[in-house]
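K.L.:
Got a file for you: work.pdb, PDB, C-alpha atoms.
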```
MODEL        1
ATOM      1  CA  ILE A   1       0.965  11.009  14.607  1.00  0.00           C
ATOM      2  CA  VAL A   2       2.480  12.869  11.649  1.00  0.00           C
ATOM      3  CA  ILE A   3       2.748  16.630  12.214  1.00  0.00           C
ATOM      4  CA  GLY A   4       3.139  19.275   9.518  1.00  0.00           C
ATOM      5  CA  GLY A   5       5.255  22.403   9.711  1.00  0.00           C
ATOM      6  CA  GLY A   6       2.267  24.764   9.826  1.00  0.00           C
ATOM      7  CA  LYS A   7       2.724  28.447  10.497  1.00  0.00           C
ATOM      8  CA  LEU A   8       6.334  27.970  11.599  1.00  0.00           C
ATOM      9  CA  SER A   9       7.175  26.396   8.240  1.00  0.00           C
ATOM     10  CA  ARG A  10       5.468  29.185   6.305  1.00  0.00           C
ATOM     11  CA  GLU A  11       7.184  31.938   8.297  1.00  0.00           C
ATOM     12  CA  PHE A  12      10.668  30.448   7.944  1.00  0.00           C
ATOM     13  CA  GLY A  13       9.929  29.439   4.355  1.00  0.00           C
ATOM     14  CA  GLU A  14       9.138  33.066   3.547  1.00  0.00           C
ATOM     15  CA  ILE A  15      12.476  34.143   4.995  1.00  0.00           C
ATOM     16  CA  GLY A  16      14.211  31.300   3.140  1.00  0.00           C
ATOM     17  CA  ARG A  17      12.723  32.400  -0.201  1.00  0.00           C
ATOM     18  CA  LYS A  18      14.473  35.747   0.216  1.00  0.00           C
ATOM     19  CA  ILE A  19      17.779  33.864   0.435  1.00  0.00           C
ATOM     20  CA  THR A  20      17.364  31.047  -2.106  1.00  0.00           C
ATOM     21  CA  ASP A  21      15.016  29.606  -4.698  1.00  0.00           C
ATOM     22  CA  ASP A  22      16.276  26.041  -4.128  1.00  0.00           C
ATOM     23  CA  GLU A  23      13.021  24.132  -3.465  1.00  0.00           C
ATOM     24  CA  ASP A  24      14.816  21.170  -1.869  1.00  0.00           C
ATOM     25  CA  PHE A  25      16.511  23.474   0.626  1.00  0.00           C
ATOM     26  CA  LEU A  26      13.210  25.235   1.305  1.00  0.00           C
ATOM     27  CA  ASP A  27      11.608  21.811   1.817  1.00  0.00           C
ATOM     28  CA  LEU A  28      14.241  21.104   4.486  1.00  0.00           C
ATOM     29  CA  ILE A  29      13.103  24.228   6.327  1.00  0.00           C
ATOM     30  CA  GLY A  30       9.575  22.789   6.342  1.00  0.00           C
ATOM     31  CA  ILE A  31      10.842  19.389   7.465  1.00  0.00           C
ATOM     32  CA  TYR A  32      12.734  20.895  10.406  1.00  0.00           C
ATOM     33  CA  ALA A  33       9.690  23.009  11.326  1.00  0.00           C
ATOM     34  CA  SER A  34       7.517  19.874  11.301  1.00  0.00           C
ATOM     35  CA  ARG A  35      10.016  18.072  13.534  1.00  0.00           C
ATOM     36  CA  LEU A  36      10.036  20.997  15.965  1.00  0.00           C
ATOM     37  CA  ASN A  37       6.224  20.824  16.053  1.00  0.00           C
ATOM     38  CA  ALA A  38       6.525  17.055  16.612  1.00  0.00           C
ATOM     39  CA  ALA A  39       8.819  17.717  19.593  1.00  0.00           C
ATOM     40  CA  MET A  40       6.174  20.003  21.104  1.00  0.00           C
ATOM     41  CA  VAL A  41       3.501  17.315  20.706  1.00  0.00           C
ATOM     42  CA  ILE A  42       5.818  14.728  22.276  1.00  0.00           C
ATOM     43  CA  ALA A  43       6.397  17.072  25.229  1.00  0.00           C
ATOM     44  CA  SER A  44       2.642  17.561  25.648  1.00  0.00           C
ATOM     45  CA  LEU A  45       2.021  13.786  25.602  1.00  0.00           C
ATOM     46  CA  GLY A  46       4.625  13.121  28.294  1.00  0.00           C
ATOM     47  CA  ASN A  47       5.321   9.456  29.041  1.00  0.00           C
ATOM     48  CA  SER A  48       2.660   8.322  26.552  1.00  0.00           C
ATOM     49  CA  ALA A  49       4.919   9.337  23.662  1.00  0.00           C
ATOM     50  CA  CYS A  50       7.972   7.747  22.135  1.00  0.00           C
ATOM     51  CA  PRO A  51      10.856  10.129  23.026  1.00  0.00           C
ATOM     52  CA  VAL A  52      12.480   9.811  19.576  1.00  0.00           C
ATOM     53  CA  ILE A  53      11.357  11.693  16.443  1.00  0.00           C
ATOM     54  CA  PRO A  54      11.731   9.301  13.489  1.00  0.00           C
ATOM     55  CA  ARG A  55      13.349  10.866  10.398  1.00  0.00           C
ATOM     56  CA  SER A  56      12.515   8.090   7.927  1.00  0.00           C
ATOM     57  CA  GLU A  57      10.182   5.158   7.370  1.00  0.00           C
ATOM     58  CA  ILE A  58      12.864   2.813   8.724  1.00  0.00           C
ATOM     59  CA  GLU A  59      13.309   4.889  11.884  1.00  0.00           C
ATOM     60  CA  PHE A  60       9.516   4.980  12.294  1.00  0.00           C
ATOM     61  CA  LEU A  61       9.321   1.174  12.158  1.00  0.00           C
ATOM     62  CA  GLU A  62      12.322   0.842  14.496  1.00  0.00           C
ATOM     63  CA  ALA A  63      10.666   3.209  16.988  1.00  0.00           C
ATOM     64  CA  SER A  64       7.412   1.251  16.806  1.00  0.00           C
ATOM     65  CA  ASP A  65       9.327  -1.933  17.722  1.00  0.00           C
ATOM     66  CA  LYS A  66      11.493  -0.365  20.421  1.00  0.00           C
ATOM     67  CA  PHE A  67       8.790   1.774  22.069  1.00  0.00           C
ATOM     68  CA  LYS A  68       5.775  -0.558  21.940  1.00  0.00           C
ATOM     69  CA  GLY A  69       2.632   1.000  23.380  1.00  0.00           C
ATOM     70  CA  LYS A  70       3.970   4.540  23.000  1.00  0.00           C
ATOM     71  CA  ILE A  71       2.553   7.143  20.619  1.00  0.00           C
ATOM     72  CA  ILE A  72       5.019   7.787  17.819  1.00  0.00           C
ATOM     73  CA  VAL A  73       5.146  11.376  16.588  1.00  0.00           C
ATOM     74  CA  CYS A  74       7.105  12.517  13.548  1.00  0.00           C
ATOM     75  CA  GLY A  75       7.322  15.298  11.008  1.00  0.00           C
ATOM     76  CA  GLY A  76       8.600  15.281   7.455  1.00  0.00           C
ATOM     77  CA  PHE A  77      11.026  12.730   6.081  1.00  0.00           C
ATOM     78  CA  ARG A  78      12.515  14.099   2.846  1.00  0.00           C
ATOM     79  CA  PRO A  79      12.320  16.944   0.298  1.00  0.00           C
ATOM     80  CA  LYS A  80       9.573  16.934  -2.347  1.00  0.00           C
ATOM     81  CA  GLN A  81       7.304  15.064   0.061  1.00  0.00           C
ATOM     82  CA  ARG A  82       4.768  16.721   2.328  1.00  0.00           C
ATOM     83  CA  THR A  83       3.752  15.288   5.665  1.00  0.00           C
ATOM     84  CA  ASP A  84       0.488  14.079   4.072  1.00  0.00           C
ATOM     85  CA  ALA A  85       2.599  11.675   2.020  1.00  0.00           C
ATOM     86  CA  VAL A  86       4.483  10.631   5.165  1.00  0.00           C
ATOM     87  CA  ALA A  87       1.146   9.860   6.854  1.00  0.00           C
ATOM     88  CA  VAL A  88      -0.008   7.788   3.870  1.00  0.00           C
ATOM     89  CA  GLU A  89       3.329   5.912   3.760  1.00  0.00           C
ATOM     90  CA  VAL A  90       3.211   5.125   7.465  1.00  0.00           C
ATOM     91  CA  ALA A  91      -0.478   4.128   7.311  1.00  0.00           C
ATOM     92  CA  ASN A  92       0.190   1.842   4.367  1.00  0.00           C
ATOM     93  CA  GLU A  93       3.230   0.270   6.045  1.00  0.00           C
ATOM     94  CA  TRP A  94       1.289  -0.296   9.273  1.00  0.00           C
ATOM     95  CA  LYS A  95      -1.820  -1.457   7.396  1.00  0.00           C
ATOM     96  CA  ALA A  96      -3.858   1.202   9.216  1.00  0.00           C
ATOM     97  CA  ASP A  97      -7.600   1.349   8.579  1.00  0.00           C
ATOM     98  CA  PHE A  98      -7.482   5.054   7.718  1.00  0.00           C
ATOM     99  CA  VAL A  99      -5.677   8.377   8.044  1.00  0.00           C
ATOM    100  CA  ILE A 100      -7.201  11.419   9.740  1.00  0.00           C
ATOM    101  CA  LYS A 101      -5.910  14.584   8.067  1.00  0.00           C
ATOM    102  CA  CYS A 102      -6.475  17.497  10.414  1.00  0.00           C
ATOM    103  CA  THR A 103      -6.396  20.876   8.747  1.00  0.00           C
ATOM    104  CA  ASN A 104      -7.760  24.386   9.362  1.00  0.00           C
ATOM    105  CA  VAL A 105     -10.922  23.977   7.265  1.00  0.00           C
ATOM    106  CA  ASP A 106     -13.884  21.620   7.651  1.00  0.00           C
ATOM    107  CA  TYR A 107     -13.748  19.854   4.270  1.00  0.00           C
ATOM    108  CA  VAL A 108     -11.974  19.525   0.966  1.00  0.00           C
ATOM    109  CA  TYR A 109     -13.550  22.296  -1.133  1.00  0.00           C
ATOM    110  CA  ASN A 110     -13.910  22.818  -4.861  1.00  0.00           C
ATOM    111  CA  LYS A 111     -11.664  25.897  -4.420  1.00  0.00           C
ATOM    112  CA  ASP A 112      -9.794  27.590  -1.591  1.00  0.00           C
ATOM    113  CA  PRO A 113     -12.454  28.630   0.972  1.00  0.00           C
ATOM    114  CA  ASN A 114     -10.066  31.169   2.491  1.00  0.00           C
ATOM    115  CA  LYS A 115      -9.996  33.058  -0.813  1.00  0.00           C
ATOM    116  CA  HIS A 116     -13.422  32.270  -2.312  1.00  0.00           C
ATOM    117  CA  LYS A 117     -16.661  32.798  -0.370  1.00  0.00           C
ATOM    118  CA  ASP A 118     -18.537  30.657  -2.899  1.00  0.00           C
ATOM    119  CA  ALA A 119     -16.320  27.587  -2.293  1.00  0.00           C
ATOM    120  CA  LYS A 120     -18.423  24.449  -1.944  1.00  0.00           C
ATOM    121  CA  PRO A 121     -17.587  21.652   0.509  1.00  0.00           C
ATOM    122  CA  ILE A 122     -17.133  18.150  -0.838  1.00  0.00           C
ATOM    123  CA  LYS A 123     -18.305  15.439   1.540  1.00  0.00           C
ATOM    124  CA  GLU A 124     -17.057  12.373  -0.338  1.00  0.00           C
ATOM    125  CA  LEU A 125     -14.344  11.662  -2.892  1.00  0.00           C
ATOM    126  CA  SER A 126     -13.214   8.457  -4.528  1.00  0.00           C
ATOM    127  CA  PHE A 127      -9.555   7.478  -4.599  1.00  0.00           C
ATOM    128  CA  GLU A 128      -9.328   8.761  -8.178  1.00  0.00           C
ATOM    129  CA  GLU A 129     -11.276  11.984  -7.549  1.00  0.00           C
ATOM    130  CA  ILE A 130      -8.865  13.225  -4.862  1.00  0.00           C
ATOM    131  CA  LYS A 131      -6.213  13.602  -7.566  1.00  0.00           C
ATOM    132  CA  GLU A 132      -8.412  16.234  -9.269  1.00  0.00           C
ATOM    133  CA  TYR A 133      -8.429  18.394  -6.116  1.00  0.00           C
ATOM    134  CA  ALA A 134      -4.741  18.053  -5.294  1.00  0.00           C
ATOM    135  CA  ASP A 135      -2.317  20.898  -5.907  1.00  0.00           C
ATOM    136  CA  LYS A 136      -0.320  20.012  -9.005  1.00  0.00           C
ATOM    137  CA  GLU A 137       2.644  22.299  -8.344  1.00  0.00           C
ATOM    138  CA  HIS A 138       4.931  21.565  -5.410  1.00  0.00           C
ATOM    139  CA  ARG A 139       6.187  24.663  -3.646  1.00  0.00           C
ATOM    140  CA  ALA A 140       7.864  24.258  -0.298  1.00  0.00           C
ATOM    141  CA  ASN A 141       6.176  25.701   2.800  1.00  0.00           C
ATOM    142  CA  GLN A 142       2.922  26.598   1.042  1.00  0.00           C
ATOM    143  CA  PRO A 143      -0.417  25.639   2.606  1.00  0.00           C
ATOM    144  CA  THR A 144      -2.413  23.095   0.624  1.00  0.00           C
ATOM    145  CA  ILE A 145      -5.264  20.704   1.345  1.00  0.00           C
ATOM    146  CA  MET A 146      -3.461  17.883  -0.470  1.00  0.00           C
ATOM    147  CA  ASP A 147      -0.489  17.749  -2.813  1.00  0.00           C
ATOM    148  CA  ALA A 148      -0.323  15.640  -5.982  1.00  0.00           C
ATOM    149  CA  VAL A 149       2.215  13.169  -4.535  1.00  0.00           C
ATOM    150  CA  SER A 150       0.002  12.421  -1.520  1.00  0.00           C
ATOM    151  CA  ALA A 151      -3.137  12.153  -3.645  1.00  0.00           C
ATOM    152  CA  ALA A 152      -1.419   9.728  -6.036  1.00  0.00           C
ATOM    153  CA  MET A 153      -0.233   7.610  -3.089  1.00  0.00           C
ATOM    154  CA  ILE A 154      -3.743   7.570  -1.587  1.00  0.00           C
ATOM    155  CA  ALA A 155      -5.192   6.431  -4.920  1.00  0.00           C
ATOM    156  CA  LYS A 156      -2.500   3.822  -5.593  1.00  0.00           C
ATOM    157  CA  GLU A 157      -2.401   2.303  -2.102  1.00  0.00           C
ATOM    158  CA  LYS A 158      -6.170   2.740  -1.485  1.00  0.00           C
ATOM    159  CA  VAL A 159      -5.589   4.426   1.875  1.00  0.00           C
ATOM    160  CA  LYS A 160      -8.844   5.816   3.277  1.00  0.00           C
ATOM    161  CA  VAL A 161      -8.587   9.404   4.524  1.00  0.00           C
ATOM    162  CA  ALA A 162     -10.887  11.619   6.573  1.00  0.00           C
ATOM    163  CA  VAL A 163     -10.158  15.334   6.085  1.00  0.00           C
ATOM    164  CA  LEU A 164     -11.491  17.499   8.912  1.00  0.00           C
ATOM    165  CA  ASN A 165     -10.804  20.570  11.007  1.00  0.00           C
ATOM    166  CA  GLY A 166      -8.205  19.670  13.624  1.00  0.00           C
ATOM    167  CA  LYS A 167      -9.295  22.454  15.961  1.00  0.00           C
ATOM    168  CA  LYS A 168     -12.699  20.828  16.489  1.00  0.00           C
ATOM    169  CA  LEU A 169     -11.831  17.915  18.771  1.00  0.00           C
ATOM    170  CA  GLU A 170     -15.461  16.863  19.249  1.00  0.00           C
ATOM    171  CA  ASN A 171     -15.687  16.390  15.487  1.00  0.00           C
ATOM    172  CA  ILE A 172     -12.626  14.094  15.483  1.00  0.00           C
ATOM    173  CA  GLU A 173     -14.279  12.128  18.288  1.00  0.00           C
ATOM    174  CA  LYS A 174     -17.465  11.813  16.209  1.00  0.00           C
ATOM    175  CA  PHE A 175     -15.475  10.405  13.307  1.00  0.00           C
ATOM    176  CA  LEU A 176     -13.680   7.906  15.554  1.00  0.00           C
ATOM    177  CA  ASN A 177     -17.022   6.833  17.060  1.00  0.00           C
ATOM    178  CA  ARG A 178     -18.385   6.311  13.524  1.00  0.00           C
ATOM    179  CA  GLU A 179     -20.943   9.089  14.001  1.00  0.00           C
ATOM    180  CA  ASP A 180     -21.817  11.767  11.461  1.00  0.00           C
ATOM    181  CA  PHE A 181     -18.977  14.260  11.330  1.00  0.00           C
ATOM    182  CA  LYS A 182     -18.146  17.428   9.448  1.00  0.00           C
ATOM    183  CA  GLY A 183     -15.460  16.548   6.921  1.00  0.00           C
ATOM    184  CA  THR A 184     -14.565  14.836   3.659  1.00  0.00           C
ATOM    185  CA  ARG A 185     -14.341  11.056   3.339  1.00  0.00           C
ATOM    186  CA  ILE A 186     -11.865   9.822   0.734  1.00  0.00           C
ATOM    187  CA  GLY A 187     -12.267   6.217  -0.359  1.00  0.00           C
ATOM    188  CA  PHE A 188     -14.766   5.220   2.348  1.00  0.00           C
TER     189      PHE A 188
ENDMDL
END
```
Show me this structure written as structure tokens.
P.N.:
Amino acid sequence: IVIGGGKLSREFGEIGRKITDDEDFLDLIGIYASRLNAAMVIASLGNSACPVIPRSEIEFLEASDKFKGKIIVCGGFRPKQRTDAVAVEVANEWKADFVIKCTNVDYVYNKDPNKHKDAKPIKELSFEEIKEYADKEHRANQPTIMDAVSAAMIAKEKVKVAVLNGKKLENIEKFLNREDFKGTRIGF
């Protein structure tokens, strides 16, 4: 499981922007927020989870060897890389069948549905099409459906992704059971 920084990242990122405009430093704030969120998920999973939060791809692979059968939970790895890219990297390394990207909206939309009432959901995207919908500008601690780095990695590595609302657990279950679900399929 790869966890983003979420609201915590945005709140601390906002404070950080008042202190500095160094994007790498602001990215570190997001990384630490994501790791704190990962710690909370580990605590909620109890003995099912690996007790270590990997901080790199190497640490992730080491944890998967050392804690076989445990759920590995991590946050961000390095500046200029969102947790979406971490998820794609890990999925590619593990040769996973797909990535489930849980977000706070039901689909990828043609524009931000939180700002535009006429935003239209997109149910399917090819590996190349996702790059058109990715945010081109990287700004630390800013919400985005997909950043350009992650989209490029998805396209290059051909990692299938399902984008869906993470608050609707029954919908995640539908996807996992190969039933119709509310969300966007990328590369399926």
K.L.:
Using only C-alpha atoms, which residues sit within 8 Å of Pro54 (chain A) once same-chain residues fewer than 6 positions away are excluded, as JSON, numbers by chain?
P.N.:
{"A": [60, 63, 73, 74, 75]}
K.L.:
If you measure from CA of Ser150 (chain A) to CA of Ala85 (chain A), what distance in Å do you get, rounded to one decimal?
P.N.:
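Here the two named atoms are 4.5 Å from each other.
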K.L.:
Which residues come within 12 Å of region 154-160 of chain A, counting only C-alpha atoms, excluding same-chain residues fewer than 2 positions away, as a ChimeraX atom specification?
P.N.:
/A:84-101,124-132,134,146-152,162-163,184-188
K.L.:
So how far away is CA of Ser34 (chain A) from CA of Glu11 (chain A), in Å?
P.N.:
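It comes out at 12.4 Å.
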K.L.:
As an exercise, work out the distance from CA of Lys7 (chain A) to CA of Tyr32 (chain A) in Å and give it to one decimal place.
P.N.:
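CA of Lys7 (chain A) sits 12.5 Å away from CA of Tyr32 (chain A).
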K.L.:
Please write as a list in words the full residue list that the PyMOL selection byres ((chain A and resi 48) around 9) yields on this file.
P.N.:
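Checked against the file, the PyMOL selection byres ((chain A and resi 48) around 9) matches Ile42, Leu45, Gly46, Asn47, Ala49, Cys50, Gly69, Lys70 and Ile71 of chain A.
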K.L.:
Please, what is the axis-aligned box for every listed atom of region 94-97 of chain A with 6 Å on each side, as centre and edge lengths in Å to one decimal, as AutoDock Vina command-line options?
P.N.:
```
--center_x -3.2 --center_y -0.1 --center_z 8.3 --size_x 20.9 --size_y 14.8 --size_z 13.9
```
K.L.:
Of the residues A:Leu26, A:Ile72, A:Leu36, A:Met153, which is the one nearest to Leu8 (chain A), using all atoms listed in the file?
P.N.:
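Closest to Leu8 (chain A) of all the choices is A:Leu36.
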K.L.:
Translate the PyMOL selection byres ((chain A and resi 181) around 12) into a concrete residue list for this structure, as a list in words.
P.N.:
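Checking the PyMOL selection byres ((chain A and resi 181) around 12) against this file, the residues are Asp106, Tyr107, Lys123, Glu124, Ala162, Val163, Leu164, Asn165, Lys168, Leu169, Glu170, Asn171, Ile172, Glu173, Lys174, Phe175, Leu176, Asn177, Arg178, Glu179, Asp180, Lys182, Gly183, Thr184 and Arg185 of chain A.
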K.L.:
For this file, the PyMOL selection byres ((chain A and resi 35) around 10) selects which residues, as a ChimeraX atom specification?
P.N.:
/A:2-5,29-34,36-41,53-55,73-77
K.L.:
Select, from A:Asp65, A:Ile145, A:Ile58, A:Lys136, the residue with the minimum atom-to-atom distance to Asn110 (chain A), counting all atoms listed in the file.
P.N.:
A:Ile145
K.L.:
Rank A:Leu28, A:Val161, A:Ala119, A:Ile1 by their smallest atom-to-atom distance to Arg82 (chain A), using all atoms listed in the file, and report the top residue only.
P.N.:
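Selected residue with least distance to Arg82 (chain A): A:Leu28.
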